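Enquirer: Quick one: this structure, given as C-alpha cells, is what I'll be asking you about.
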Amino acid sequence: MSGRSEGEGMPAAAAAGAVSGQPTTEELRAEAMEWGRKPRGLGTWYVTEHMLRAMRAYGWTIVVGALGQPILYLLGLAVGLAALIGAPIQDGAQTVPYLVFVAPALLMTAAISVATEEFSFPVMAGFKWRRFFYGFSASPLSPGQIAGGVVMGAAARMVVVVVAYYALIWIFGAVPHPETGWLTIPIGVLAGLSFGIPYMAYAASITEDKGQFALVQRFIFMPMFLFSGTFYPLATLPLWLQWIGWVSPLWHASELGRIVTYGKPADPFAVMVHVVFLLVLAVGGYLVARRLFQRRLGE
Amino acid sequence: MISASNLAKAYKVKGKPDFVAVDGLSFDVAPGESFGLLGPNGAGKSTTMKMIGAVSTRSGGDLSILGLDPDRYGPEIRSRLGVVPQQDNLDGELNARENLYIYGRYFGLSGKVCNQKADELLAFAQLDDKAKSKVDALSGGMKRRLTIARGLINDPRILLLDEPTTGLDPQARHVLWDRLFRLKERGTTLVLTTHYMDEAEQLCDRLIVVDKGRIMAEGTPASLIREHSSREVLEVRFGSDRNQQVAPQLEGIGDRVEVLPDRILVYAHNGEAALEAVTHRGLTPLTSLVRRSSLEDVFLRLTGRSLIE
C-alpha cells in the first residue's frame with residue numbers, strides 16, 4: 001500500500017488496500033502521532049531512569065565512595081597536613097585555617113571525579129562494548145535525549161556525592177558560613193558537569209579504546225587537581241603555571257566554593273566569570289556531544 | 001505500511017567518491033505481510049533496515065512508514081515499530097525482566113503496564129525462569145528471544161528483524177521461527193533481512209533479492225524459484241581439480257550448467273534423468289545429489305555469486 005498516493009477523502013477500506021481487519025493508513029498515522037507524544041516530551045527522563053537503574057548494580061561502590069573518599073581526604077590530607085603546617089593560610093587578603101581553605105576544593109574535586117567515571121566508560125559501553133545506546137535509539141528516543149539522560153543520571157550521582165561531602169566538611173568544622181555554604185552543592189554539580197559533559201563528547205568520539213581514558217586521568221585530571229589552587233592559593237604558583245588554574249573548571253568552582261563557605265571577598269565580575277566559564281563548558285559540551293550522538297547513532 | 005521509492009543511501013568517504021550502500025530501492029509492504037530482504041553480506045540490507053527503522057536518514061528517494069515521513073516524524077514512527085537488531089544491544093547490567101521493563105518506559109508506558117507486558121513477553125519468549133538472570137548469563141538463543149520480546153513491548157505495528165537467526169544453532173533457530181510464525185498469525189507485519197534462503201522460504205510471503213544496493217528480483221519464494229531456476233538441481237562432484245575440466249562435457253544436459261569451485265550444478269526439470277544422462281556420457285561423478293531448487297539457486301542465477309561467501 002502506498003502512503004503517499006491515496007487521497008484524503010478515500011474510503012477507509014480502499015485506503016487500507018489489503019488485508020481485512022487491518023487498520024487504515026490514516027488510523028496508523030494518528031496512532032503513531034499519539035504514541036510519539038510522551039517520549040518526545042519526557043524521553044530524557046526515561047534515559048535518566050535507565051541510567052539510575054544501571055547504577056544500582058554498583059550502588060554500594062557509590063555510597064562507600066561518597067562517604068569514604070571525603071573521610072580519608074579530610075583526615076589524612078587536611079587534618080594531618082593542617083596539623084603539620086599549623087599556621088593558617090593567607091588567601092588573598094584573608095587568613096583562614098588550612099582545613100577551611102582546602103575543604104571546598106576537595107568537594108569540587110569529588111564531583112569532577114564522579115564525572116571522570118560516569119562520562120567515560122559508560123559512554124564507551126553504550127556505543128561500543130554493549131551498544132545499548134543503539135537499543136535506545138531504535139525506540140522513540142532521540143540522540144539528544146539519550147545524551148541528556150546520561151548527563152542527568154551522572155548529575156544525580158554527583159548530588160549524592162556532593163551532599164555527603166558537604167555534610168562531612170560541615171561536621172569537620174570547615175564551613176564557617178553554613179548560611180551560604182550549602183551553595184557548594186549546586187556549584188559542585190555544576191563543576192562536575194562542566195568537566196564531565198565535554199568529556200562525554202570526547203568519549204562519544206572514540207571508536208577504538210586505546211587507553212585514552214587512562215591518559216585523560218593522568219595528564220588532564222591529575223595536573224588539574226594539582227595546579228588549580230586546590231591545596232594552596234593559585235597565586236602561589238609562578239605565572240607560567242597559573243594558566244592551568246585559569247582554564248580549569250576545578251579552580252573556577254573552588255573559588256566559588258570558597259566565597260560561599262568562608263566568605264572569601266568576591267568581586268562580582270570575577271564571580272560572573274567563574275559561573276559563565278563553568279556554564280559555557282557544560283552547555284557547549286552538550287551541544288557538541290549531541291551532534292556526535294546524532295552522527296554516531298544515525299550511521 | 002511501508003512505501004519506498006528510489007530509496008538511496010550514500011556515505012561520505014574521505015578522499016574517495018561516496019560509498020553507495022543503497023541504490024534506488026522501490027518496494028511496498030502491506031499490512032500483515034511478511035516481507036523479506038534477501039542478499040549477501042554488504043548488499044545494503046542493514047542500511048535499508050535502519051532507514052525503515054527511522055534511525056538513519058536517507059540520502060535520496062521517498063520513504064513513508066505508517067503514512068509518515070521518517071525525516072520529520074522519527075519518534076512517532078519508532079513508537080510503533082519493534083526492532084530486533086543484528087547485534088544484540090541489551091543492557092548487560094540489568095536482568096532479563098528489567099531489560100523489558102525499562103524498554104517499555106521509553107515508549108511512555110506506565111510502570112504498571114511495563115510490569116504486565118514484561119511478564120507476558122517473558123512467557124512468550126519462553127524465558128519465565130530466566131526473569132531474574134543477568135543478561136550476560138543467557139545463551140545466544142535466549143538473548144535473541146529476549147531481544148525479540150523487547151521489540152514487542154509496545155505491541156508494534158511492524159516488527160523489523162535484521163538477520164534474526166545468524167549465529168544460532170539449528171534448534172534455537174526453529175524455536176525462534178516458531179515464535180515469529182505466531183506473530184505473523186496475529187497479524188503483525190514482519191520485515192526481515194536474511195542471507196539464509198531456508199529462513200526466507202520459511203518466513204517470507206514475499207521478498208526482494210538485493211545485491212550491491214539494488215533489487216535483482218521480487219516475488220514470493222515459490223514464484224522466484226519458478227521464474228529464475230529449474231524445478232530440480234543435480235549436484236555432481238568430480239574433485240576440485242577436475243570440475244572445470246569435465247564441465248564442457250555436460251553441455252546440453254538440463255537447462256543450464258553452473259560450475260562452482262567444489263561442485264557442478266545442473267539445473268533440470270528432472271534431476272534423476274539428468275544424472276542418468278551424465279552417466280550415459282561415460283562420466284562417473286564422485287558424489288551426486290538431486291534436490292529441489294532453492295532461493296540460493298535464484299541468487300546464484302541472478303548475481304553469479306553464492307549467498308554465503
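Residue names in the C-alpha cells use chain letters A, B, ... in the order shown, residue numbers from 1 in each chain, and ligand numbers from 1 in the order shown.
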With only C-alpha atoms as the counted atoms, please give the residues lying no more than 7 Å from Arg80 (chain B), apart from itself and same-chain residues fewer than 6 positions off, as a compact mmCIF listing (two decimals) with C-alpha atoms, in the first residue's frame.
Expert:
# COMPACT_ATOMS: atom_id res chain seq x y z
CA ALA A 32 1.78 6.94 15.80
CA ASN B 154 4.89 -1.65 22.57
CA PRO B 156 4.31 -2.78 17.39
CA ARG B 157 2.54 -2.48 14.06
Enquirer: May I have the residues of chain A within 6 Å of chain B, counting only C-alpha atoms, written as a list of chain:residue names?
Expert: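 The contacting residues on chain A are A:Met1, A:Ser2, A:Gly3, A:Thr25, A:Leu28, A:Arg29, A:Ala32, A:Met33, A:Trp35, A:Gly36, A:Lys38, A:Pro39, A:Tyr46, A:Ala54, A:Arg130, A:Arg131, A:Phe132, A:Gly135, A:Ser139, A:Pro140, A:Gly298, A:Glu299.
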Enquirer: Name the residues of region 51-291 of chain B that come out as helix (DSSP H, G or I) in a backbone DSSP run; write them as number ranges by chain.
Expert: B: 51-52, 70-78, 96-106, 111-124, 128-130, 135-137, 140-151, 170-185, 197-203, 221-228, 243-250, 271-280
